[in-house]
>>> print(open('coords-v8.cif').read())   # mmCIF, N, CA and C atoms
data_entry
#
loop_
_atom_site.group_PDB
_atom_site.id
_atom_site.type_symbol
_atom_site.label_atom_id
_atom_site.label_comp_id
_atom_site.auth_asym_id
_atom_site.auth_seq_id
_atom_site.Cartn_x
_atom_site.Cartn_y
_atom_site.Cartn_z
ATOM 1 N N MET A 1 167.876 -63.324 14.086
ATOM 2 C CA MET A 1 167.429 -64.350 13.179
ATOM 3 C C MET A 1 168.478 -65.456 13.135
ATOM 4 N N LYS A 2 167.989 -66.681 13.193
ATOM 5 C CA LYS A 2 168.911 -67.818 13.160
ATOM 6 C C LYS A 2 169.444 -68.046 11.757
ATOM 7 N N LYS A 3 170.642 -68.635 11.722
ATOM 8 C CA LYS A 3 171.267 -68.953 10.436
ATOM 9 C C LYS A 3 171.362 -70.464 10.287
ATOM 10 N N VAL A 4 170.888 -70.958 9.140
ATOM 11 C CA VAL A 4 170.954 -72.375 8.799
ATOM 12 C C VAL A 4 171.960 -72.517 7.670
ATOM 13 N N LEU A 5 172.915 -73.399 7.863
ATOM 14 C CA LEU A 5 173.961 -73.631 6.880
ATOM 15 C C LEU A 5 173.840 -75.058 6.359
ATOM 16 N N ILE A 6 173.790 -75.191 5.043
ATOM 17 C CA ILE A 6 173.726 -76.505 4.403
ATOM 18 C C ILE A 6 175.127 -76.802 3.885
ATOM 19 N N VAL A 7 175.673 -77.960 4.254
ATOM 20 C CA VAL A 7 177.067 -78.264 3.943
ATOM 21 C C VAL A 7 177.168 -79.571 3.156
ATOM 22 N N CYS A 8 177.952 -79.517 2.074
ATOM 23 C CA CYS A 8 178.314 -80.739 1.357
ATOM 24 C C CYS A 8 179.805 -80.683 1.064
ATOM 25 N N GLY A 9 180.328 -81.715 0.504
ATOM 26 C CA GLY A 9 181.768 -81.804 0.285
ATOM 27 C C GLY A 9 182.347 -80.667 -0.524
ATOM 28 N N ASN A 10 181.690 -80.307 -1.626
ATOM 29 C CA ASN A 10 182.204 -79.259 -2.496
ATOM 30 C C ASN A 10 181.399 -77.969 -2.454
ATOM 31 N N GLY A 11 180.277 -77.960 -1.763
ATOM 32 C CA GLY A 11 179.472 -76.755 -1.663
ATOM 33 C C GLY A 11 178.772 -76.371 -2.952
ATOM 34 N N LEU A 12 178.501 -77.346 -3.792
ATOM 35 C CA LEU A 12 177.892 -77.042 -5.089
ATOM 36 C C LEU A 12 176.487 -77.624 -5.195
ATOM 37 N N GLY A 13 176.333 -78.659 -5.956
ATOM 38 C CA GLY A 13 175.024 -79.192 -6.315
ATOM 39 C C GLY A 13 174.116 -79.621 -5.189
ATOM 40 N N SER A 14 174.524 -80.607 -4.422
ATOM 41 C CA SER A 14 173.609 -81.163 -3.424
ATOM 42 C C SER A 14 173.255 -80.151 -2.335
ATOM 43 N N SER A 15 174.211 -79.364 -1.894
ATOM 44 C CA SER A 15 173.899 -78.386 -0.843
ATOM 45 C C SER A 15 172.986 -77.285 -1.375
ATOM 46 N N PHE A 16 173.097 -76.945 -2.655
ATOM 47 C CA PHE A 16 172.221 -75.932 -3.236
ATOM 48 C C PHE A 16 170.787 -76.445 -3.320
ATOM 49 N N ILE A 17 170.613 -77.700 -3.713
ATOM 50 C CA ILE A 17 169.276 -78.303 -3.773
ATOM 51 C C ILE A 17 168.651 -78.339 -2.382
ATOM 52 N N VAL A 18 169.422 -78.757 -1.383
ATOM 53 C CA VAL A 18 168.906 -78.817 -0.021
ATOM 54 C C VAL A 18 168.589 -77.406 0.483
ATOM 55 N N GLU A 19 169.416 -76.423 0.130
ATOM 56 C CA GLU A 19 169.138 -75.036 0.528
ATOM 57 C C GLU A 19 167.764 -74.596 0.009
ATOM 58 N N MET A 20 167.466 -74.890 -1.237
ATOM 59 C CA MET A 20 166.157 -74.520 -1.798
ATOM 60 C C MET A 20 165.026 -75.228 -1.048
ATOM 61 N N ASN A 21 165.225 -76.508 -0.729
ATOM 62 C CA ASN A 21 164.214 -77.257 0.026
ATOM 63 C C ASN A 21 164.020 -76.668 1.416
ATOM 64 N N VAL A 22 165.122 -76.309 2.082
ATOM 65 C CA VAL A 22 165.055 -75.744 3.431
ATOM 66 C C VAL A 22 164.297 -74.412 3.415
ATOM 67 N N LYS A 23 164.577 -73.565 2.438
ATOM 68 C CA LYS A 23 163.863 -72.283 2.338
ATOM 69 C C LYS A 23 162.364 -72.500 2.179
ATOM 70 N N LYS A 24 161.990 -73.471 1.364
ATOM 71 C CA LYS A 24 160.573 -73.790 1.156
ATOM 72 C C LYS A 24 159.934 -74.288 2.454
ATOM 73 N N ILE A 25 160.622 -75.158 3.159
ATOM 74 C CA ILE A 25 160.100 -75.717 4.409
ATOM 75 C C ILE A 25 159.955 -74.625 5.471
ATOM 76 N N ILE A 26 160.928 -73.734 5.566
ATOM 77 C CA ILE A 26 160.863 -72.640 6.538
ATOM 78 C C ILE A 26 159.633 -71.771 6.258
ATOM 79 N N THR A 27 159.372 -71.502 5.005
ATOM 80 C CA THR A 27 158.183 -70.725 4.637
ATOM 81 C C THR A 27 156.914 -71.466 5.036
ATOM 82 N N GLU A 28 156.867 -72.781 4.765
ATOM 83 C CA GLU A 28 155.705 -73.599 5.138
ATOM 84 C C GLU A 28 155.460 -73.578 6.643
ATOM 85 N N LEU A 29 156.541 -73.539 7.409
ATOM 86 C CA LEU A 29 156.436 -73.523 8.871
ATOM 87 C C LEU A 29 156.089 -72.139 9.420
ATOM 88 N N GLY A 30 156.134 -71.130 8.570
ATOM 89 C CA GLY A 30 155.860 -69.767 9.024
ATOM 90 C C GLY A 30 156.989 -69.194 9.865
ATOM 91 N N LYS A 31 158.189 -69.690 9.645
ATOM 92 C CA LYS A 31 159.365 -69.245 10.401
ATOM 93 C C LYS A 31 160.239 -68.375 9.510
ATOM 94 N N GLU A 32 161.259 -67.788 10.115
ATOM 95 C CA GLU A 32 162.241 -67.019 9.366
ATOM 96 C C GLU A 32 163.631 -67.470 9.764
ATOM 97 N N ALA A 33 164.527 -67.528 8.797
ATOM 98 C CA ALA A 33 165.927 -67.864 9.050
ATOM 99 C C ALA A 33 166.740 -67.486 7.824
ATOM 100 N N GLU A 34 167.987 -67.171 8.062
ATOM 101 C CA GLU A 34 168.923 -66.959 6.965
ATOM 102 C C GLU A 34 169.435 -68.344 6.571
ATOM 103 N N VAL A 35 169.431 -68.652 5.285
ATOM 104 C CA VAL A 35 169.842 -69.971 4.812
ATOM 105 C C VAL A 35 170.900 -69.800 3.726
ATOM 106 N N SER A 36 171.990 -70.555 3.842
ATOM 107 C CA SER A 36 173.001 -70.558 2.795
ATOM 108 C C SER A 36 173.640 -71.936 2.725
ATOM 109 N N HIS A 37 174.431 -72.147 1.678
ATOM 110 C CA HIS A 37 175.113 -73.430 1.515
ATOM 111 C C HIS A 37 176.603 -73.178 1.305
ATOM 112 N N THR A 38 177.386 -74.178 1.658
ATOM 113 C CA THR A 38 178.836 -74.038 1.527
ATOM 114 C C THR A 38 179.498 -75.408 1.502
ATOM 115 N N ASP A 39 180.803 -75.392 1.331
ATOM 116 C CA ASP A 39 181.587 -76.633 1.344
ATOM 117 C C ASP A 39 182.088 -76.927 2.763
ATOM 118 N N LEU A 40 182.580 -78.116 2.957
ATOM 119 C CA LEU A 40 183.026 -78.559 4.276
ATOM 120 C C LEU A 40 184.131 -77.683 4.850
ATOM 121 N N THR A 41 185.128 -77.356 4.071
ATOM 122 C CA THR A 41 186.260 -76.571 4.568
ATOM 123 C C THR A 41 185.812 -75.198 5.048
ATOM 124 N N THR A 42 184.996 -74.510 4.269
ATOM 125 C CA THR A 42 184.508 -73.186 4.637
ATOM 126 C C THR A 42 183.586 -73.264 5.851
ATOM 127 N N ALA A 43 182.784 -74.314 5.933
ATOM 128 C CA ALA A 43 181.823 -74.453 7.029
ATOM 129 C C ALA A 43 182.502 -74.483 8.393
ATOM 130 N N LYS A 44 183.701 -75.002 8.444
ATOM 131 C CA LYS A 44 184.399 -75.116 9.728
ATOM 132 C C LYS A 44 184.668 -73.768 10.372
ATOM 133 N N SER A 45 184.747 -72.705 9.563
ATOM 134 C CA SER A 45 185.025 -71.379 10.128
ATOM 135 C C SER A 45 183.833 -70.431 10.017
ATOM 136 N N GLU A 46 182.724 -70.890 9.476
ATOM 137 C CA GLU A 46 181.559 -70.037 9.286
ATOM 138 C C GLU A 46 180.629 -70.115 10.497
ATOM 139 N N GLN A 47 180.016 -68.985 10.837
ATOM 140 C CA GLN A 47 179.068 -68.921 11.950
ATOM 141 C C GLN A 47 177.690 -69.387 11.493
ATOM 142 N N ALA A 48 177.039 -70.199 12.319
ATOM 143 C CA ALA A 48 175.680 -70.665 12.030
ATOM 144 C C ALA A 48 175.058 -71.164 13.326
ATOM 145 N N ASP A 49 173.744 -71.231 13.342
ATOM 146 C CA ASP A 49 173.034 -71.802 14.484
ATOM 147 C C ASP A 49 172.736 -73.278 14.254
ATOM 148 N N LEU A 50 172.405 -73.624 13.011
ATOM 149 C CA LEU A 50 172.113 -75.009 12.639
ATOM 150 C C LEU A 50 172.903 -75.364 11.390
ATOM 151 N N ILE A 51 173.424 -76.563 11.365
ATOM 152 C CA ILE A 51 174.072 -77.089 10.161
ATOM 153 C C ILE A 51 173.366 -78.382 9.795
ATOM 154 N N ILE A 52 172.995 -78.476 8.521
ATOM 155 C CA ILE A 52 172.382 -79.698 7.999
ATOM 156 C C ILE A 52 173.289 -80.222 6.896
ATOM 157 N N SER A 53 173.619 -81.510 6.986
ATOM 158 C CA SER A 53 174.504 -82.107 5.987
ATOM 159 C C SER A 53 174.292 -83.613 5.963
ATOM 160 N N ALA A 54 175.001 -84.261 5.072
ATOM 161 C CA ALA A 54 175.030 -85.716 5.072
ATOM 162 C C ALA A 54 175.753 -86.185 6.334
ATOM 163 N N LYS A 55 175.428 -87.368 6.799
ATOM 164 C CA LYS A 55 175.995 -87.881 8.051
ATOM 165 C C LYS A 55 177.521 -87.890 8.047
ATOM 166 N N ASP A 56 178.158 -88.310 6.964
ATOM 167 C CA ASP A 56 179.620 -88.371 6.931
ATOM 168 C C ASP A 56 180.246 -86.984 7.045
ATOM 169 N N ILE A 57 179.612 -85.969 6.481
ATOM 170 C CA ILE A 57 180.099 -84.596 6.600
ATOM 171 C C ILE A 57 179.871 -84.095 8.027
ATOM 172 N N ALA A 58 178.714 -84.390 8.578
ATOM 173 C CA ALA A 58 178.381 -83.946 9.939
ATOM 174 C C ALA A 58 179.391 -84.467 10.951
ATOM 175 N N ASP A 59 179.853 -85.684 10.761
ATOM 176 C CA ASP A 59 180.849 -86.265 11.668
ATOM 177 C C ASP A 59 182.132 -85.440 11.687
ATOM 178 N N GLN A 60 182.447 -84.788 10.575
ATOM 179 C CA GLN A 60 183.662 -83.971 10.486
ATOM 180 C C GLN A 60 183.460 -82.561 11.052
ATOM 181 N N LEU A 61 182.226 -82.218 11.414
ATOM 182 C CA LEU A 61 181.920 -80.900 11.965
ATOM 183 C C LEU A 61 181.574 -80.965 13.456
ATOM 184 N N SER A 62 181.956 -82.037 14.095
ATOM 185 C CA SER A 62 181.553 -82.261 15.492
ATOM 186 C C SER A 62 182.017 -81.179 16.465
ATOM 187 N N GLY A 63 183.082 -80.454 16.161
ATOM 188 C CA GLY A 63 183.560 -79.419 17.064
ATOM 189 C C GLY A 63 182.968 -78.043 16.805
ATOM 190 N N HIS A 64 182.069 -77.933 15.846
ATOM 191 C CA HIS A 64 181.478 -76.648 15.471
ATOM 192 C C HIS A 64 180.543 -76.154 16.575
ATOM 193 N N SER A 65 180.425 -74.844 16.719
ATOM 194 C CA SER A 65 179.555 -74.268 17.749
ATOM 195 C C SER A 65 178.076 -74.412 17.420
ATOM 196 N N ALA A 66 177.739 -74.681 16.182
ATOM 197 C CA ALA A 66 176.340 -74.849 15.771
ATOM 198 C C ALA A 66 175.825 -76.235 16.141
ATOM 199 N N GLN A 67 174.495 -76.374 16.160
ATOM 200 C CA GLN A 67 173.897 -77.695 16.265
ATOM 201 C C GLN A 67 174.061 -78.336 14.893
ATOM 202 N N VAL A 68 174.642 -79.520 14.848
ATOM 203 C CA VAL A 68 174.924 -80.183 13.575
ATOM 204 C C VAL A 68 174.019 -81.400 13.440
ATOM 205 N N PHE A 69 173.317 -81.469 12.307
ATOM 206 C CA PHE A 69 172.419 -82.582 12.033
ATOM 207 C C PHE A 69 172.895 -83.301 10.782
ATOM 208 N N GLY A 70 173.240 -84.566 10.937
ATOM 209 C CA GLY A 70 173.674 -85.392 9.822
ATOM 210 C C GLY A 70 172.554 -86.294 9.361
ATOM 211 N N LEU A 71 172.248 -86.238 8.088
ATOM 212 C CA LEU A 71 171.159 -87.023 7.536
ATOM 213 C C LEU A 71 171.684 -88.185 6.708
ATOM 214 N N THR A 72 171.040 -89.329 6.831
ATOM 215 C CA THR A 72 171.366 -90.476 5.999
ATOM 216 C C THR A 72 170.974 -90.182 4.552
ATOM 217 N N ASN A 73 169.840 -89.497 4.379
ATOM 218 C CA ASN A 73 169.361 -89.101 3.052
ATOM 219 C C ASN A 73 169.153 -87.582 3.088
ATOM 220 N N ILE A 74 170.022 -86.824 2.439
ATOM 221 C CA ILE A 74 169.939 -85.366 2.524
ATOM 222 C C ILE A 74 168.731 -84.788 1.776
ATOM 223 N N LEU A 75 168.024 -85.611 1.029
ATOM 224 C CA LEU A 75 166.813 -85.155 0.354
ATOM 225 C C LEU A 75 165.546 -85.572 1.099
ATOM 226 N N ASP A 76 165.697 -85.999 2.352
ATOM 227 C CA ASP A 76 164.567 -86.413 3.185
ATOM 228 C C ASP A 76 163.908 -85.154 3.774
ATOM 229 N N ASN A 77 162.983 -84.568 2.999
ATOM 230 C CA ASN A 77 162.360 -83.326 3.435
ATOM 231 C C ASN A 77 161.530 -83.472 4.702
ATOM 232 N N ALA A 78 160.981 -84.651 4.953
ATOM 233 C CA ALA A 78 160.220 -84.864 6.182
ATOM 234 C C ALA A 78 161.143 -84.737 7.403
ATOM 235 N N LYS A 79 162.324 -85.311 7.328
ATOM 236 C CA LYS A 79 163.291 -85.216 8.432
ATOM 237 C C LYS A 79 163.796 -83.781 8.580
ATOM 238 N N ILE A 80 164.062 -83.125 7.451
ATOM 239 C CA ILE A 80 164.516 -81.731 7.501
ATOM 240 C C ILE A 80 163.444 -80.861 8.151
ATOM 241 N N LYS A 81 162.192 -81.090 7.791
ATOM 242 C CA LYS A 81 161.086 -80.312 8.368
ATOM 243 C C LYS A 81 161.007 -80.529 9.871
ATOM 244 N N GLU A 82 161.204 -81.768 10.301
ATOM 245 C CA GLU A 82 161.198 -82.096 11.731
ATOM 246 C C GLU A 82 162.320 -81.343 12.455
ATOM 247 N N ILE A 83 163.513 -81.355 11.887
ATOM 248 C CA ILE A 83 164.661 -80.659 12.493
ATOM 249 C C ILE A 83 164.390 -79.162 12.597
ATOM 250 N N LEU A 84 163.891 -78.579 11.520
ATOM 251 C CA LEU A 84 163.643 -77.132 11.512
ATOM 252 C C LEU A 84 162.509 -76.746 12.464
ATOM 253 N N ALA A 85 161.465 -77.547 12.506
ATOM 254 C CA ALA A 85 160.330 -77.252 13.400
ATOM 255 C C ALA A 85 160.761 -77.262 14.858
ATOM 256 N N GLU A 86 161.661 -78.156 15.206
ATOM 257 C CA GLU A 86 162.109 -78.280 16.592
ATOM 258 C C GLU A 86 163.194 -77.283 16.980
ATOM 259 N N ASN A 87 163.911 -76.718 15.997
ATOM 260 C CA ASN A 87 165.101 -75.929 16.323
ATOM 261 C C ASN A 87 165.086 -74.472 15.855
ATOM 262 N N LEU A 88 164.022 -74.050 15.202
ATOM 263 C CA LEU A 88 163.952 -72.629 14.801
ATOM 264 C C LEU A 88 163.004 -71.881 15.725
#
>>> encode(input="coords-v8.cif", output="structure tokens")
Amino acid sequence: MKKVLIVCGNGLGSSFIVEMNVKKIITELGKEAEVSHTDLTTAKSEQADLIISAKDIADQLSGHSAQVFGLTNILDNAKIKEILAENL
């Protein structure tokens, strides 16, 4: 099962909201994935298949082994759905 990691600067509010949205979208797509959220520092050493974050955070994760997707608007569920549909 693939792991999706949602990353924000502090790993609190915004990443938790996006995590809930991602779980809902994965269910809508009929897919399965492990989903969690974390802060930028922890994300650098955490294993994942996909990382979704704000664009400025994504730029700091460029060396990560996961596919990293930086969003201009992290609450853009249509874009998140597109990313998940293509990569899960």
>>> atom_distance(input="coords-v8.cif", atom1="atom C of A:Leu12", atom2="atom N of A:Leu71")
16.4 Å
>>> resolve_selection(input="coords-v8.cif", expression="the PyMOL selection byres (((chain A and resi 50-53 and name CA) around 6) and name CA)", output="ChimeraX atom specification")
/A:4-7,48-49,54,58,66-70
>>> closest_residue(input="coords-v8.cif", among="A:Asn21, A:Lys44, A:Ser36, A:Glu28", to="A:Gly63", atoms="all atoms listed in the file")
A:Lys44
>>> atom_distance(input="coords-v8.cif", atom1="atom N of A:Val35", atom2="atom CA of A:Val18")
11.5 Å
>>> select_by_dssp(input="coords-v8.cif", residues="chain A", states="strand (DSSP E)", output="number ranges by chain")
A: 3-8, 34-39, 50-54, 67-71
>>> write_last_selection(input="coords-v8.cif", atoms="N, CA and C atoms", output="mmCIF file, in the frame of the given file")
data_model
loop_
_atom_site.group_PDB
_atom_site.id
_atom_site.type_symbol
_atom_site.label_atom_id
_atom_site.label_comp_id
_atom_site.auth_asym_id
_atom_site.auth_seq_id
_atom_site.Cartn_x
_atom_site.Cartn_y
_atom_site.Cartn_z
ATOM 1 N N LYS A 3 170.642 -68.635 11.722
ATOM 2 C CA LYS A 3 171.267 -68.953 10.436
ATOM 3 C C LYS A 3 171.362 -70.464 10.287
ATOM 4 N N VAL A 4 170.888 -70.958 9.140
ATOM 5 C CA VAL A 4 170.954 -72.375 8.799
ATOM 6 C C VAL A 4 171.960 -72.517 7.670
ATOM 7 N N LEU A 5 172.915 -73.399 7.863
ATOM 8 C CA LEU A 5 173.961 -73.631 6.880
ATOM 9 C C LEU A 5 173.840 -75.058 6.359
ATOM 10 N N ILE A 6 173.790 -75.191 5.043
ATOM 11 C CA ILE A 6 173.726 -76.505 4.403
ATOM 12 C C ILE A 6 175.127 -76.802 3.885
ATOM 13 N N VAL A 7 175.673 -77.960 4.254
ATOM 14 C CA VAL A 7 177.067 -78.264 3.943
ATOM 15 C C VAL A 7 177.168 -79.571 3.156
ATOM 16 N N CYS A 8 177.952 -79.517 2.074
ATOM 17 C CA CYS A 8 178.314 -80.739 1.357
ATOM 18 C C CYS A 8 179.805 -80.683 1.064
ATOM 19 N N GLU A 34 167.987 -67.171 8.062
ATOM 20 C CA GLU A 34 168.923 -66.959 6.965
ATOM 21 C C GLU A 34 169.435 -68.344 6.571
ATOM 22 N N VAL A 35 169.431 -68.652 5.285
ATOM 23 C CA VAL A 35 169.842 -69.971 4.812
ATOM 24 C C VAL A 35 170.900 -69.800 3.726
ATOM 25 N N SER A 36 171.990 -70.555 3.842
ATOM 26 C CA SER A 36 173.001 -70.558 2.795
ATOM 27 C C SER A 36 173.640 -71.936 2.725
ATOM 28 N N HIS A 37 174.431 -72.147 1.678
ATOM 29 C CA HIS A 37 175.113 -73.430 1.515
ATOM 30 C C HIS A 37 176.603 -73.178 1.305
ATOM 31 N N THR A 38 177.386 -74.178 1.658
ATOM 32 C CA THR A 38 178.836 -74.038 1.527
ATOM 33 C C THR A 38 179.498 -75.408 1.502
ATOM 34 N N ASP A 39 180.803 -75.392 1.331
ATOM 35 C CA ASP A 39 181.587 -76.633 1.344
ATOM 36 C C ASP A 39 182.088 -76.927 2.763
ATOM 37 N N LEU A 50 172.405 -73.624 13.011
ATOM 38 C CA LEU A 50 172.113 -75.009 12.639
ATOM 39 C C LEU A 50 172.903 -75.364 11.390
ATOM 40 N N ILE A 51 173.424 -76.563 11.365
ATOM 41 C CA ILE A 51 174.072 -77.089 10.161
ATOM 42 C C ILE A 51 173.366 -78.382 9.795
ATOM 43 N N ILE A 52 172.995 -78.476 8.521
ATOM 44 C CA ILE A 52 172.382 -79.698 7.999
ATOM 45 C C ILE A 52 173.289 -80.222 6.896
ATOM 46 N N SER A 53 173.619 -81.510 6.986
ATOM 47 C CA SER A 53 174.504 -82.107 5.987
ATOM 48 C C SER A 53 174.292 -83.613 5.963
ATOM 49 N N ALA A 54 175.001 -84.261 5.072
ATOM 50 C CA ALA A 54 175.030 -85.716 5.072
ATOM 51 C C ALA A 54 175.753 -86.185 6.334
ATOM 52 N N GLN A 67 174.495 -76.374 16.160
ATOM 53 C CA GLN A 67 173.897 -77.695 16.265
ATOM 54 C C GLN A 67 174.061 -78.336 14.893
ATOM 55 N N VAL A 68 174.642 -79.520 14.848
ATOM 56 C CA VAL A 68 174.924 -80.183 13.575
ATOM 57 C C VAL A 68 174.019 -81.400 13.440
ATOM 58 N N PHE A 69 173.317 -81.469 12.307
ATOM 59 C CA PHE A 69 172.419 -82.582 12.033
ATOM 60 C C PHE A 69 172.895 -83.301 10.782
ATOM 61 N N GLY A 70 173.240 -84.566 10.937
ATOM 62 C CA GLY A 70 173.674 -85.392 9.822
ATOM 63 C C GLY A 70 172.554 -86.294 9.361
ATOM 64 N N LEU A 71 172.248 -86.238 8.088
ATOM 65 C CA LEU A 71 171.159 -87.023 7.536
ATOM 66 C C LEU A 71 171.684 -88.185 6.708
#
>>> atom_distance(input="coords-v8.cif", atom1="atom C of A:Asn77", atom2="atom C of A:Val22")
9.6 Å
>>> closest_residue(input="coords-v8.cif", among="A:Ile83, A:Met1, A:Ile25, A:Cys8", to="A:Thr41", atoms="only N, CA and C atoms")
A:Cys8
>>> closest_residue(input="coords-v8.cif", among="A:Asn10, A:Glu32, A:Asp59, A:Met20", to="A:Leu88", atoms="all atoms listed in the file")
A:Glu32
>>> closest_residue(input="coords-v8.cif", among="A:Ser65, A:Lys23, A:Gly30, A:Ser15", to="A:Gln47", atoms="only N, CA and C atoms")
A:Ser65
>>> closest_residue(input="coords-v8.cif", among="A:Lys55, A:Thr38, A:Lys3, A:Asn73", to="A:Ile26", atoms="only C-alpha atoms")
A:Lys3
